[in-house]
Amino acid sequence: MKIDLILGLQWGDEGKGKIVDVLTSNYDIIARFQGGPNAGHTLEFDGIKHVLHTIPSGIFHDKKLNIIGNGVVIDPIIFKNEIEKLKELNVDLKEKLIISRKAHLILPTHRLIDQASELSKGKKKIGSTLKGIGPTYMDKTGRNGLRVGDLEMDGWNEKFENLISKHLNLINNFNVEIDFDIEELKKEFLSSIDYMNELKFIDSENYFHNSIEKGRKILAEGAQGSLLDIDFGTYPYVTSSNTTSAGACTGLGVPPNKIGDVFGIFKAYTTRVGSGPFPTELFDEIGQRMAKIGNEFGATTGRPRRCGWLDLVSLKHSINVNGVTELIMMKGDVLSGIGKIKICTGYKYQGSVVNHLPFSLSDSSLEPVYEELDGWNKDICKITDYDSLPLNFKNYINYLEEKLKLKIKIISVGPDRKQTIFR
Ligand code: IMP
């Protein structure tokens with residue numbers, strides 16, 4: 001038995017939450033392996049929209065186990081809110097959610113450092129969600145972090161206080177004005193810890209090893225997207241974890257030879273929230289139309305997303321780095337009614353055309369090269385089988401499959417579970 005992965009191939013917000021939810025019935029366990037509450041996974045069913053930040057997207061299914069892996073960073077305060085919302089829906093979390101002892105905790109002061117760091121960068125800010133993600137991973141690699149398992153050990157409070165003091169000094173050094181009441185923040189954090197303590201903590205690497213041996217089917221759910229990967233994304237405009245498939249190995253404790261299918265998920269166009277280069281970004285009415293019809297607003301921050309054409313250069317980069325075996329295309333319906341659809345197939349870069357991702361996408365000489373296909377007019381939101389899709393939509397799919405040399409196995413034509421076409 002092997003673990004399957006589902007990963008975003010662009011700058012996040014590809015619609016992983018919906019697809020994990022749709023695929024969950026094929027699996028026993030759904031696991032998150034990186035990121036934290038910077039993620040916002042949106043699921044829609046029975047006319048209601050649910051947004052998850054830390055909790056895996058299998059939580060709404062009966063008899064499925066959801067695991068938060070060691071690679072995730074957890075903010076107990078946001079986590080508490082998420083738990084309370086799920087309790088209102090009568091979701092039995094004690095039975096369905098377990099947490100790795102090795103996952104790191106986001107302290108309130110991590111959030112403040114994020115804020116201070118962004119303020120100090122001025123125009124060069126990353127556009128962080130300000131959830132304390134970067135500073136928490138800094139403490140993890142700097143070997144100062146506080147982990148979930150520490151909560152079961154004597155003296156964790158002292159560790160907590162020491163880390164808070166260290167952070168307060170750091171914040172002072174940024175020389176920027178931020179308002180906070182440290183005692184209030186500490187109080188809120190400590191009361192949220194009580195909620196976390198109601199859940200079961202595990203040594204997750206051991207748990208996964210045993211689950212694989214027993215033949216339990218596991219799906220690992222990525223957060224953010226490959227172009228936000230700390231190593232292979234558009235650095236420094238990235239998040240602070242490995243969002244690519246290797247991150248699933250280190251974020252769960254699963255060896256590479258236990259990885260099975262890698263489902264790569266992408267939108268029929270491209271979006272990005274936050275700062276950083278975006279070669280195919282549109283500043284015209286087509287971009288605005290994508291944003292409006294696609295409801296392109298961040299699920300975590302509510303910020304409007306930047307929109308643009310599909311970029312096959314970056315998509316191929318993500319497919320290669322992740323070892324994608326099957327593709328899933330989201331939001332094809334958003335392109336309905338656009339006369340001509342452009343697809344970026346290369347970049348003009350330093351005097352020649354390249355079709356790999358150069359070291360810096362911010363280079364001023366970089367310019368996308370496009371091919372153009374005819375669009376389709378028909379509304380496809382209610383179509384449930386591939387054959388009934390408009391010819392030009394199918395031409396778009398065939399074109400992409402040929403260029404990317406992979407099959408697009410699932411096509412999503414709307415936010416609801418039911419608006420999903422399997423091939
Ligand atoms: P951070 O990880 O919150 O510090 O944000 C770093 C960059 O990643 C910013 O550009 C964010 O907008 C972006 N980012 C973080 N999480 C997500 C996500 O779930 N979807 C899309 N963009 C994200």
# chains A, B, ... in the order shown; residues from 1 in each chain; ligands from 1
$ residues_around --residues "range 126-137 of chain A" --least-positions-apart "4" --cutoff "6 Å" --atoms "only C-alpha atoms" --output "list in words"
Asn38, Ile106, His110, Arg111, Asp114, Gln115, Tyr237, Ser240, Gly274 and Ser275 of chain A
$ residues_around --residues "Ser318 in chain A" --least-positions-apart "3" --cutoff "9 Å" --atoms "only C-alpha atoms" --output "compact mmCIF listing (two decimals) with all heavy atoms, in the first residue's frame"
# COMPACT_ATOMS: atom_id res chain seq x y z
N GLY A 8 -1.23 21.35 -5.12
CA GLY A 8 -1.50 22.49 -6.00
C GLY A 8 -0.28 22.76 -6.86
O GLY A 8 0.85 22.75 -6.36
N LEU A 9 -0.48 23.03 -8.15
CA LEU A 9 0.65 23.22 -9.06
C LEU A 9 0.93 24.69 -9.37
O LEU A 9 1.87 24.99 -10.09
CB LEU A 9 0.39 22.48 -10.37
CG LEU A 9 0.15 20.97 -10.24
CD1 LEU A 9 -0.06 20.35 -11.61
CD2 LEU A 9 1.32 20.29 -9.53
N GLN A 10 0.09 25.59 -8.84
CA GLN A 10 0.29 27.01 -9.15
C GLN A 10 0.63 27.77 -7.85
O GLN A 10 1.42 27.27 -7.07
CB GLN A 10 -0.97 27.54 -9.85
CG GLN A 10 -1.17 26.85 -11.21
CD GLN A 10 -2.61 26.93 -11.71
OE1 GLN A 10 -3.55 26.72 -10.96
NE2 GLN A 10 -2.77 27.23 -12.99
N GLY A 225 0.72 26.19 -2.93
CA GLY A 225 0.96 25.59 -4.24
C GLY A 225 2.45 25.46 -4.50
O GLY A 225 3.27 26.05 -3.77
N SER A 226 2.81 24.73 -5.55
CA SER A 226 4.23 24.44 -5.82
C SER A 226 5.05 25.70 -6.08
O SER A 226 6.24 25.74 -5.78
CB SER A 226 4.34 23.52 -7.02
OG SER A 226 3.60 22.35 -6.79
N LEU A 227 4.41 26.74 -6.63
CA LEU A 227 5.16 27.96 -6.93
C LEU A 227 5.37 28.81 -5.68
O LEU A 227 6.02 29.85 -5.71
CB LEU A 227 4.46 28.78 -8.03
CG LEU A 227 4.28 28.02 -9.35
CD1 LEU A 227 3.50 28.86 -10.35
CD2 LEU A 227 5.62 27.62 -9.95
N PHE A 232 11.52 25.66 -4.52
CA PHE A 232 11.26 25.65 -5.96
C PHE A 232 10.24 26.68 -6.42
O PHE A 232 9.84 26.69 -7.57
CB PHE A 232 10.85 24.23 -6.40
CG PHE A 232 11.91 23.23 -6.08
CD1 PHE A 232 11.74 22.30 -5.06
CD2 PHE A 232 13.10 23.25 -6.77
CE1 PHE A 232 12.74 21.41 -4.73
CE2 PHE A 232 14.12 22.37 -6.45
CZ PHE A 232 13.94 21.45 -5.43
N GLY A 233 9.79 27.50 -5.50
CA GLY A 233 8.84 28.56 -5.85
C GLY A 233 9.54 29.84 -6.24
O GLY A 233 10.77 29.86 -6.46
N THR A 244 5.88 20.98 -2.15
CA THR A 244 5.99 19.96 -3.20
C THR A 244 6.04 18.55 -2.59
O THR A 244 6.10 18.40 -1.37
CB THR A 244 7.24 20.24 -4.05
OG1 THR A 244 8.32 20.55 -3.18
CG2 THR A 244 7.01 21.42 -4.97
N GLY A 264 -1.93 16.22 -9.42
CA GLY A 264 -1.57 17.64 -9.52
C GLY A 264 -2.79 18.44 -9.93
O GLY A 264 -3.45 18.13 -10.93
N VAL A 313 4.68 26.96 -18.76
CA VAL A 313 6.09 26.85 -18.34
C VAL A 313 6.15 26.53 -16.85
O VAL A 313 6.81 25.57 -16.43
CB VAL A 313 6.86 28.17 -18.63
CG1 VAL A 313 8.32 28.01 -18.26
CG2 VAL A 313 6.70 28.57 -20.08
N SER A 314 5.40 27.30 -16.06
CA SER A 314 5.45 27.05 -14.61
C SER A 314 4.71 25.76 -14.26
O SER A 314 5.08 25.06 -13.31
CB SER A 314 4.91 28.24 -13.83
OG SER A 314 3.58 28.49 -14.16
N LEU A 315 3.69 25.44 -15.05
CA LEU A 315 2.94 24.20 -14.77
C LEU A 315 3.85 22.97 -15.00
O LEU A 315 3.86 22.04 -14.20
CB LEU A 315 1.72 24.14 -15.70
CG LEU A 315 0.49 23.40 -15.20
CD1 LEU A 315 0.10 23.80 -13.79
CD2 LEU A 315 -0.70 23.64 -16.14
N VAL A 321 8.84 18.77 -10.75
CA VAL A 321 9.38 18.76 -9.38
C VAL A 321 8.57 17.80 -8.49
O VAL A 321 9.13 17.13 -7.62
CB VAL A 321 9.36 20.20 -8.78
CG1 VAL A 321 9.64 20.18 -7.29
CG2 VAL A 321 10.38 21.08 -9.49
N ASN A 322 7.29 17.69 -8.76
CA ASN A 322 6.42 16.84 -7.92
C ASN A 322 6.31 15.40 -8.38
O ASN A 322 5.84 14.55 -7.64
CB ASN A 322 5.00 17.42 -7.91
CG ASN A 322 4.89 18.68 -7.10
OD1 ASN A 322 5.29 18.70 -5.94
ND2 ASN A 322 4.36 19.73 -7.70
N GLY A 323 6.68 15.13 -9.64
CA GLY A 323 6.45 13.78 -10.18
C GLY A 323 4.95 13.49 -10.31
O GLY A 323 4.48 12.41 -9.95
N VAL A 324 4.22 14.46 -10.88
CA VAL A 324 2.76 14.31 -11.01
C VAL A 324 2.43 13.14 -11.92
O VAL A 324 3.06 12.95 -12.97
CB VAL A 324 2.13 15.62 -11.56
CG1 VAL A 324 0.68 15.43 -11.93
CG2 VAL A 324 2.29 16.74 -10.55
$ residues_around --residues "range 186-189 of chain A" --least-positions-apart "6" --cutoff "10 Å" --atoms "only C-alpha atoms" --output "NGL selection string"
:A and (75-78 or 80 or 106-109 or 160-161 or 164)
$ write_last_selection --atoms "C-alpha atoms" --output "PDB file, in the first residue's frame"
ATOM      1  CA  ASP A  75      -2.007  28.195  15.796  1.00  0.00           C
ATOM      2  CA  PRO A  76      -4.035  26.981  18.807  1.00  0.00           C
ATOM      3  CA  ILE A  77      -6.220  30.111  18.690  1.00  0.00           C
ATOM      4  CA  ILE A  78      -7.292  29.680  15.053  1.00  0.00           C
ATOM      5  CA  LYS A  80      -9.926  26.504  18.540  1.00  0.00           C
ATOM      6  CA  ILE A 106       2.482  29.166  16.329  1.00  0.00           C
ATOM      7  CA  LEU A 107       2.767  31.570  19.264  1.00  0.00           C
ATOM      8  CA  PRO A 108       1.001  34.967  19.236  1.00  0.00           C
ATOM      9  CA  THR A 109       4.442  36.585  19.048  1.00  0.00           C
ATOM     10  CA  PHE A 160       6.837  29.113  26.211  1.00  0.00           C
ATOM     11  CA  GLU A 161       7.804  32.112  28.375  1.00  0.00           C
ATOM     12  CA  ILE A 164       7.969  34.830  24.109  1.00  0.00           C
TER      13      ILE A 164
END
$ closest_residue --among "A:Trp376, A:Phe297, A:Tyr269, A:Phe208" --to "Pro255 in chain A" --atoms "only C-alpha atoms"
A:Phe208
$ atom_distance --atom1 "CA of Lys214 in chain A" --atom2 "CA of Val91 in chain A"
26.4 Å
$ atom_distance --atom1 "CA of Leu43 in chain A" --atom2 "CA of Asp203 in chain A"
28.7 Å
$ select_by_dssp --residues "range 113-145 of chain A" --states "alpha helix (DSSP H)" --output "JSON, numbers by chain"
{"A": [113, 114, 115, 116, 117, 118, 119, 120, 121, 133, 134, 135, 136, 137, 138, 139, 140, 141]}
$ residues_around --residues "Thr270 in chain A" --least-positions-apart "5" --cutoff "8 Å" --atoms "only C-alpha atoms" --output "list in words"
Gln10, Trp11, Thr280, Glu281, Cys307, Gly308, Trp309, Leu310 and Asp311 of chain A
$ select_by_dssp --residues "range 44-172 of chain A" --states "strand (DSSP E or B)" --output "CSV table (one decimal) with all heavy atoms, in the first residue's frame"
chain,number,residue,atom,x,y,z
A,44,GLU,N,-17.8,22.9,-0.5
A,44,GLU,CA,-19.1,23.3,-0.6
A,44,GLU,C,-20.0,22.1,-0.9
A,44,GLU,O,-19.8,21.3,-1.8
A,44,GLU,CB,-19.3,24.3,-1.8
A,44,GLU,CG,-20.4,25.3,-1.6
A,44,GLU,CD,-20.3,26.5,-2.6
A,44,GLU,OE1,-19.2,27.0,-2.7
A,44,GLU,OE2,-21.3,26.8,-3.1
A,45,PHE,N,-21.0,21.9,-0.1
A,45,PHE,CA,-22.0,20.8,-0.3
A,45,PHE,C,-23.3,21.2,0.4
A,45,PHE,O,-23.3,22.0,1.4
A,45,PHE,CB,-21.5,19.5,0.1
A,45,PHE,CG,-20.9,19.4,1.5
A,45,PHE,CD1,-21.8,19.1,2.6
A,45,PHE,CD2,-19.6,19.7,1.8
A,45,PHE,CE1,-21.2,19.1,3.9
A,45,PHE,CE2,-19.1,19.6,3.1
A,45,PHE,CZ,-19.9,19.3,4.1
A,48,ILE,N,-24.0,24.8,1.4
A,48,ILE,CA,-23.2,25.5,2.4
A,48,ILE,C,-21.7,25.5,2.1
A,48,ILE,O,-21.2,24.5,1.7
A,48,ILE,CB,-23.5,24.9,3.8
A,48,ILE,CG1,-25.0,24.9,4.1
A,48,ILE,CG2,-22.8,25.7,4.9
A,48,ILE,CD1,-25.4,24.2,5.4
A,49,LYS,N,-21.1,26.6,2.4
A,49,LYS,CA,-19.7,26.7,2.1
A,49,LYS,C,-18.9,26.6,3.4
A,49,LYS,O,-19.3,27.2,4.4
A,49,LYS,CB,-19.4,28.2,1.6
A,49,LYS,CG,-18.2,28.3,0.8
A,49,LYS,CD,-18.3,29.7,0.0
A,49,LYS,CE,-17.0,30.2,-0.3
A,49,LYS,NZ,-17.1,31.4,-1.1
A,50,HIS,N,-17.9,25.7,3.5
A,50,HIS,CA,-17.1,25.6,4.7
A,50,HIS,C,-15.6,25.9,4.4
A,50,HIS,O,-15.1,25.5,3.3
A,50,HIS,CB,-17.2,24.1,5.2
A,50,HIS,CG,-18.6,23.6,5.3
A,50,HIS,ND1,-19.3,23.7,6.5
A,50,HIS,CD2,-19.4,23.0,4.5
A,50,HIS,CE1,-20.5,23.2,6.3
A,50,HIS,NE2,-20.6,22.7,5.1
A,51,VAL,N,-15.0,26.6,5.3
A,51,VAL,CA,-13.5,26.9,5.0
A,51,VAL,C,-12.7,26.3,6.2
A,51,VAL,O,-13.0,26.6,7.3
A,51,VAL,CB,-13.3,28.4,4.9
A,51,VAL,CG1,-11.8,28.7,4.7
A,51,VAL,CG2,-14.1,29.1,3.9
A,52,LEU,N,-11.8,25.5,5.8
A,52,LEU,CA,-10.9,24.9,6.8
A,52,LEU,C,-9.5,25.5,6.7
A,52,LEU,O,-9.0,25.8,5.5
A,52,LEU,CB,-10.8,23.3,6.5
A,52,LEU,CG,-12.1,22.6,6.6
A,52,LEU,CD1,-11.9,21.1,6.1
A,52,LEU,CD2,-12.5,22.5,8.1
A,65,LEU,N,-10.3,9.1,9.1
A,65,LEU,CA,-9.4,9.6,10.1
A,65,LEU,C,-8.7,10.8,9.4
A,65,LEU,O,-8.2,10.7,8.3
A,65,LEU,CB,-8.5,8.6,10.6
A,65,LEU,CG,-7.6,9.0,11.7
A,65,LEU,CD1,-8.5,9.3,12.9
A,65,LEU,CD2,-6.6,7.9,12.0
A,66,ASN,N,-8.6,11.9,10.1
A,66,ASN,CA,-7.8,13.1,9.6
A,66,ASN,C,-6.6,13.3,10.5
A,66,ASN,O,-6.7,13.3,11.8
A,66,ASN,CB,-8.7,14.3,9.7
A,66,ASN,CG,-9.8,14.2,8.7
A,66,ASN,OD1,-9.7,14.6,7.5
A,66,ASN,ND2,-10.9,13.5,9.0
A,67,ILE,N,-5.4,13.4,9.9
A,67,ILE,CA,-4.2,13.6,10.7
A,67,ILE,C,-3.5,14.9,10.3
A,67,ILE,O,-3.3,15.2,9.2
A,67,ILE,CB,-3.3,12.4,10.5
A,67,ILE,CG1,-4.0,11.1,10.8
A,67,ILE,CG2,-2.0,12.5,11.3
A,67,ILE,CD1,-3.1,9.8,10.7
A,68,ILE,N,-3.1,15.6,11.4
A,68,ILE,CA,-2.3,16.8,11.2
A,68,ILE,C,-0.8,16.3,11.4
A,68,ILE,O,-0.5,16.0,12.5
A,68,ILE,CB,-2.7,17.9,12.1
A,68,ILE,CG1,-4.2,18.4,11.8
A,68,ILE,CG2,-1.7,19.1,12.0
A,68,ILE,CD1,-4.7,19.4,12.8
A,72,VAL,N,3.3,20.3,9.8
A,72,VAL,CA,2.3,21.4,9.9
A,72,VAL,C,2.6,22.3,11.0
A,72,VAL,O,3.2,21.9,12.0
A,72,VAL,CB,0.9,20.9,10.0
A,72,VAL,CG1,-0.2,22.0,10.2
A,72,VAL,CG2,0.5,20.0,8.8
A,73,VAL,N,2.3,23.6,10.9
A,73,VAL,CA,2.4,24.5,12.1
A,73,VAL,C,1.0,24.9,12.5
A,73,VAL,O,0.2,25.3,11.7
A,73,VAL,CB,3.3,25.8,11.8
A,73,VAL,CG1,4.8,25.3,11.6
A,73,VAL,CG2,2.9,26.5,10.5
A,74,ILE,N,0.7,24.8,13.8
A,74,ILE,CA,-0.6,25.0,14.3
A,74,ILE,C,-0.7,26.2,15.2
A,74,ILE,O,0.0,26.4,16.1
A,74,ILE,CB,-1.1,23.8,15.2
A,74,ILE,CG1,-0.9,22.5,14.3
A,74,ILE,CG2,-2.5,23.9,15.7
A,74,ILE,CD1,-1.2,21.2,15.1
A,97,LEU,N,-10.0,13.2,14.4
A,97,LEU,CA,-8.9,14.1,14.2
A,97,LEU,C,-7.8,13.8,15.2
A,97,LEU,O,-8.0,13.8,16.4
A,97,LEU,CB,-9.4,15.5,14.4
A,97,LEU,CG,-8.3,16.6,14.2
A,97,LEU,CD1,-7.8,16.7,12.8
A,97,LEU,CD2,-8.9,18.0,14.5
A,98,ILE,N,-6.6,13.5,14.7
A,98,ILE,CA,-5.4,13.3,15.5
A,98,ILE,C,-4.2,14.2,15.1
A,98,ILE,O,-4.1,14.5,13.9
A,98,ILE,CB,-5.0,11.8,15.7
A,98,ILE,CG1,-4.9,11.1,14.4
A,98,ILE,CG2,-6.0,11.1,16.6
A,98,ILE,CD1,-4.5,9.7,14.6
A,99,ILE,N,-3.4,14.5,16.0
A,99,ILE,CA,-2.3,15.5,15.7
A,99,ILE,C,-0.9,14.9,16.0
A,99,ILE,O,-0.7,14.2,17.1
A,99,ILE,CB,-2.5,16.7,16.6
A,99,ILE,CG1,-3.9,17.3,16.5
A,99,ILE,CG2,-1.5,17.8,16.3
A,99,ILE,CD1,-4.3,18.4,17.4
A,100,SER,N,0.0,15.2,15.2
A,100,SER,CA,1.4,14.7,15.4
A,100,SER,C,2.0,15.5,16.6
A,100,SER,O,1.9,16.7,16.6
A,100,SER,CB,2.2,15.0,14.2
A,100,SER,OG,3.6,14.8,14.5
A,104,HIS,N,4.7,21.9,15.0
A,104,HIS,CA,5.1,23.0,15.8
A,104,HIS,C,4.0,24.0,16.1
A,104,HIS,O,3.0,24.0,15.3
A,104,HIS,CB,6.2,23.8,15.1
A,104,HIS,CG,7.6,23.2,15.3
A,104,HIS,ND1,8.6,23.8,15.9
A,104,HIS,CD2,8.1,21.9,15.0
A,104,HIS,CE1,9.7,23.0,16.0
A,104,HIS,NE2,9.3,21.8,15.4
A,105,LEU,N,4.1,24.7,17.2
A,105,LEU,CA,3.0,25.6,17.6
A,105,LEU,C,3.3,27.1,17.2
A,105,LEU,O,4.5,27.5,17.3
A,105,LEU,CB,2.8,25.6,19.1
A,105,LEU,CG,2.2,24.2,19.6
A,105,LEU,CD1,2.3,24.2,21.2
A,105,LEU,CD2,0.8,24.0,19.1
A,147,ARG,N,6.7,22.4,20.4
A,147,ARG,CA,5.9,21.4,19.6
A,147,ARG,C,4.7,21.0,20.4
A,147,ARG,O,4.7,21.1,21.7
A,147,ARG,CB,6.9,20.3,19.3
A,147,ARG,CG,8.0,20.7,18.4
A,147,ARG,CD,8.8,19.5,17.9
A,147,ARG,NE,9.6,18.9,19.0
A,147,ARG,CZ,10.3,17.8,18.8
A,147,ARG,NH1,10.4,17.2,17.6
A,147,ARG,NH2,11.0,17.2,19.8
$ closest_atom_pairs --of "range 258-337 of chain A" --to "range 399-415 of chain A" --cutoff "7 Å" --atoms "only C-alpha atoms" --output "tab-separated table"
residue	atom	partner	partner_atom	distance
A:Lys316	CA	A:Leu404	CA	6.6
A:Glu326	CA	A:Lys407	CA	5.9
A:Leu327	CA	A:Ile408	CA	4.5
A:Ile328	CA	A:Ile410	CA	4.8
A:Met329	CA	A:Ile411	CA	4.9
A:Met330	CA	A:Ser412	CA	4.7
A:Lys331	CA	A:Val413	CA	5.4
A:Gly332	CA	A:Val413	CA	5.7
A:Asp333	CA	A:Val413	CA	5.1
$ closest_residue --among "A:Asn377, A:Lys63, A:Leu86, A:Ala116" --to "Leu168 in chain A" --atoms "only C-alpha atoms"
A:Ala116
$ closest_residue --among "A:Met196, A:Leu146, A:Ala220, A:Met290" --to "Glu84 in chain A" --atoms "only C-alpha atoms"
A:Met196
$ residues_around --residues "Thr243 in chain A" --least-positions-apart "5" --cutoff "7 Å" --atoms "only C-alpha atoms" --output "MDAnalysis selection string"
chainID A and resid 34 222:226 229
$ closest_residue --among "A:Leu190, A:Leu5, A:Leu163, A:Val238" --to "ligand 1" --atoms "only C-alpha atoms and all ligand atoms"
A:Val238
